[in-house]
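To start, the structure under review is shown below, and the notes come after it.
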Amino acid sequence: NGGSTDQLSDVSEIASSVGLKTNIISDKSSSSLLNADGVDKIYDPVSQKWTVNLTRKKGSDNSVAYANITRVYQYQFLNSSGMPQKDYITNGETASSMLFLLVSGTGVHHTPRVSGVLKSISATWNVTGLNTNVITINGSFSKSGIDSITTRNGVRIIDHSITLTYTNVTGPRGAGKDWYKTTTGNITGAYVGNVTVQNGNSYTEKTINKTIDITLGNGGKPEIKIGGRKFFSKLFSGELEG
């Protein structure tokens, strides 16, 4: 509910003449919504920025996997001279770059063994190459949240925060959810977590401090170094590659 992959997809869509789209998919066997994206945006002629209130729901409340998030974005298109312009294409000129701010957000999610609540989220990204097929993102991202993991050995609760720096992260403009397939670049940062483990009547605590170094690419399966240990992950699902 708090990662940055969805935000990268949204940036990719905003950086096009189509923009963010509302998407609603209903479960035909019931009245529940399986997926629902709501997009409400308004332009401020004084600040010359767009503000987007985004809602996104995946699954139903009683389904095996469920997520419900909100996001507040602000963005500003810039022309080739670095001056603001209202739309992606204004008076025949395509924007060259964009300032993108993830102002705030909320989120909850659950699977059979994992649940989470987002406490805070923010990002400041400079996006260039809007007038080409590939955009480049540089800037910062941070989030904090509480995750609960239930196994046969007990319940692990992690109160954590992540800070990341994006360096020349590239991907296809207007690709939306397919952004991850050809993305490249580097993401570095730090993870701090306070872990509480309860197993029966036993109770333990510990603190985790890890550095993060992610090399994107490899067909959407980036190399991730956490505290020096190397992993490979599926960027779309967030699962580790075996």
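Ligands are numbered from 1 in the order shown, chains are lettered A, B, ... in the order of the structure tokens, and residues start at 1 in each chain.
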Quick one: which range 13-100 of chain A residues come within 9 Å of range 165-179 of chain A, and what is the nearest atom pair for each with the distance in Å to one decimal, counting only C-alpha atoms, rows ordered by chain and ascending number, as a Markdown table?
| residue | atom | partner | partner_atom | distance |
| --- | --- | --- | --- | --- |
| A:Glu13 | CA | A:Gly174 | CA | 4.5 |
| A:Ile14 | CA | A:Gly174 | CA | 7.3 |
| A:Ala15 | CA | A:Gly174 | CA | 6.2 |
| A:Ser16 | CA | A:Gly174 | CA | 5.4 |
| A:Ser17 | CA | A:Gly174 | CA | 8.4 |
| A:Val18 | CA | A:Gly174 | CA | 8.0 |
| A:Gly19 | CA | A:Gly174 | CA | 8.0 |
| A:Leu20 | CA | A:Gly176 | CA | 8.7 |
Quiz prompt | Spatial neighbours of range 116-125 of chain A, max dist 7 Å, only C-alpha atoms, sep filter under 5 positions, as a ChimeraX atom specification | solution = /A:1-2,99-110,137-148
Writer output for current selection, N, CA and C atoms, as a PDB file, in the first residue's frame:
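Saved result, out-v6.pdb, follows:
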ATOM      1  N   ASN A   1       0.817  -1.211   0.000  1.00  0.00           N
ATOM      2  CA  ASN A   1       0.000   0.000   0.000  1.00  0.00           C
ATOM      3  C   ASN A   1       0.847   1.255   0.000  1.00  0.00           C
ATOM      4  N   GLY A   2       2.157   1.104   0.113  1.00  0.00           N
ATOM      5  CA  GLY A   2       2.951   2.308   0.216  1.00  0.00           C
ATOM      6  C   GLY A   2       4.176   2.351  -0.644  1.00  0.00           C
ATOM      7  N   LEU A  99       7.611  18.826 -12.775  1.00  0.00           N
ATOM      8  CA  LEU A  99       7.851  18.695 -11.339  1.00  0.00           C
ATOM      9  C   LEU A  99       6.693  17.897 -10.759  1.00  0.00           C
ATOM     10  N   PHE A 100       7.010  16.788 -10.101  1.00  0.00           N
ATOM     11  CA  PHE A 100       5.978  15.912  -9.545  1.00  0.00           C
ATOM     12  C   PHE A 100       6.168  15.798  -8.040  1.00  0.00           C
ATOM     13  N   LEU A 101       5.111  16.076  -7.289  1.00  0.00           N
ATOM     14  CA  LEU A 101       5.127  15.965  -5.840  1.00  0.00           C
ATOM     15  C   LEU A 101       4.080  14.961  -5.388  1.00  0.00           C
ATOM     16  N   LEU A 102       4.506  13.976  -4.608  1.00  0.00           N
ATOM     17  CA  LEU A 102       3.572  13.117  -3.887  1.00  0.00           C
ATOM     18  C   LEU A 102       3.402  13.767  -2.520  1.00  0.00           C
ATOM     19  N   VAL A 103       2.265  14.412  -2.309  1.00  0.00           N
ATOM     20  CA  VAL A 103       2.069  15.249  -1.131  1.00  0.00           C
ATOM     21  C   VAL A 103       1.753  14.420   0.103  1.00  0.00           C
ATOM     22  N   SER A 104       0.837  13.462  -0.057  1.00  0.00           N
ATOM     23  CA  SER A 104       0.414  12.654   1.090  1.00  0.00           C
ATOM     24  C   SER A 104      -0.340  11.436   0.590  1.00  0.00           C
ATOM     25  N   GLY A 105      -0.667  10.533   1.509  1.00  0.00           N
ATOM     26  CA  GLY A 105      -1.428   9.348   1.128  1.00  0.00           C
ATOM     27  C   GLY A 105      -1.809   8.522   2.335  1.00  0.00           C
ATOM     28  N   THR A 106      -2.776   7.646   2.127  1.00  0.00           N
ATOM     29  CA  THR A 106      -3.169   6.670   3.135  1.00  0.00           C
ATOM     30  C   THR A 106      -3.230   5.312   2.462  1.00  0.00           C
ATOM     31  N   GLY A 107      -3.219   4.241   3.245  1.00  0.00           N
ATOM     32  CA  GLY A 107      -3.312   2.918   2.647  1.00  0.00           C
ATOM     33  C   GLY A 107      -3.456   1.813   3.663  1.00  0.00           C
ATOM     34  N   VAL A 108      -4.266   0.829   3.315  1.00  0.00           N
ATOM     35  CA  VAL A 108      -4.376  -0.402   4.092  1.00  0.00           C
ATOM     36  C   VAL A 108      -4.378  -1.561   3.110  1.00  0.00           C
ATOM     37  N   HIS A 109      -3.814  -2.709   3.517  1.00  0.00           N
ATOM     38  CA  HIS A 109      -3.869  -3.886   2.668  1.00  0.00           C
ATOM     39  C   HIS A 109      -3.788  -5.140   3.526  1.00  0.00           C
ATOM     40  N   HIS A 110      -4.268  -6.249   2.965  1.00  0.00           N
ATOM     41  CA  HIS A 110      -4.099  -7.524   3.650  1.00  0.00           C
ATOM     42  C   HIS A 110      -4.070  -8.673   2.650  1.00  0.00           C
ATOM     43  N   ILE A 137      13.618  10.080 -14.177  1.00  0.00           N
ATOM     44  CA  ILE A 137      13.195  10.596 -12.877  1.00  0.00           C
ATOM     45  C   ILE A 137      14.384  10.694 -11.935  1.00  0.00           C
ATOM     46  N   ASN A 138      14.525  11.853 -11.299  1.00  0.00           N
ATOM     47  CA  ASN A 138      15.512  12.069 -10.250  1.00  0.00           C
ATOM     48  C   ASN A 138      14.815  12.721  -9.057  1.00  0.00           C
ATOM     49  N   GLY A 139      15.203  12.315  -7.859  1.00  0.00           N
ATOM     50  CA  GLY A 139      14.593  12.926  -6.688  1.00  0.00           C
ATOM     51  C   GLY A 139      14.543  11.997  -5.500  1.00  0.00           C
ATOM     52  N   SER A 140      13.632  12.277  -4.581  1.00  0.00           N
ATOM     53  CA  SER A 140      13.571  11.550  -3.313  1.00  0.00           C
ATOM     54  C   SER A 140      12.183  10.987  -3.058  1.00  0.00           C
ATOM     55  N   PHE A 141      12.151   9.936  -2.226  1.00  0.00           N
ATOM     56  CA  PHE A 141      10.906   9.264  -1.851  1.00  0.00           C
ATOM     57  C   PHE A 141      11.046   8.793  -0.412  1.00  0.00           C
ATOM     58  N   SER A 142       9.976   8.887   0.364  1.00  0.00           N
ATOM     59  CA  SER A 142       9.998   8.364   1.731  1.00  0.00           C
ATOM     60  C   SER A 142       8.616   7.860   2.115  1.00  0.00           C
ATOM     61  N   LYS A 143       8.595   6.887   3.015  1.00  0.00           N
ATOM     62  CA  LYS A 143       7.335   6.391   3.541  1.00  0.00           C
ATOM     63  C   LYS A 143       7.574   5.741   4.893  1.00  0.00           C
ATOM     64  N   SER A 144       6.502   5.616   5.672  1.00  0.00           N
ATOM     65  CA  SER A 144       6.548   4.881   6.928  1.00  0.00           C
ATOM     66  C   SER A 144       5.246   4.116   7.080  1.00  0.00           C
ATOM     67  N   GLY A 145       5.303   3.017   7.817  1.00  0.00           N
ATOM     68  CA  GLY A 145       4.108   2.202   7.982  1.00  0.00           C
ATOM     69  C   GLY A 145       4.302   1.120   9.026  1.00  0.00           C
ATOM     70  N   ILE A 146       3.240   0.391   9.267  1.00  0.00           N
ATOM     71  CA  ILE A 146       3.260  -0.731  10.203  1.00  0.00           C
ATOM     72  C   ILE A 146       2.759  -1.972   9.470  1.00  0.00           C
ATOM     73  N   ASP A 147       3.595  -3.014   9.424  1.00  0.00           N
ATOM     74  CA  ASP A 147       3.237  -4.278   8.787  1.00  0.00           C
ATOM     75  C   ASP A 147       3.135  -5.368   9.841  1.00  0.00           C
ATOM     76  N   SER A 148       2.193  -6.268   9.633  1.00  0.00           N
ATOM     77  CA  SER A 148       2.014  -7.411  10.529  1.00  0.00           C
ATOM     78  C   SER A 148       2.095  -8.692   9.709  1.00  0.00           C
TER      79      SER A 148
END
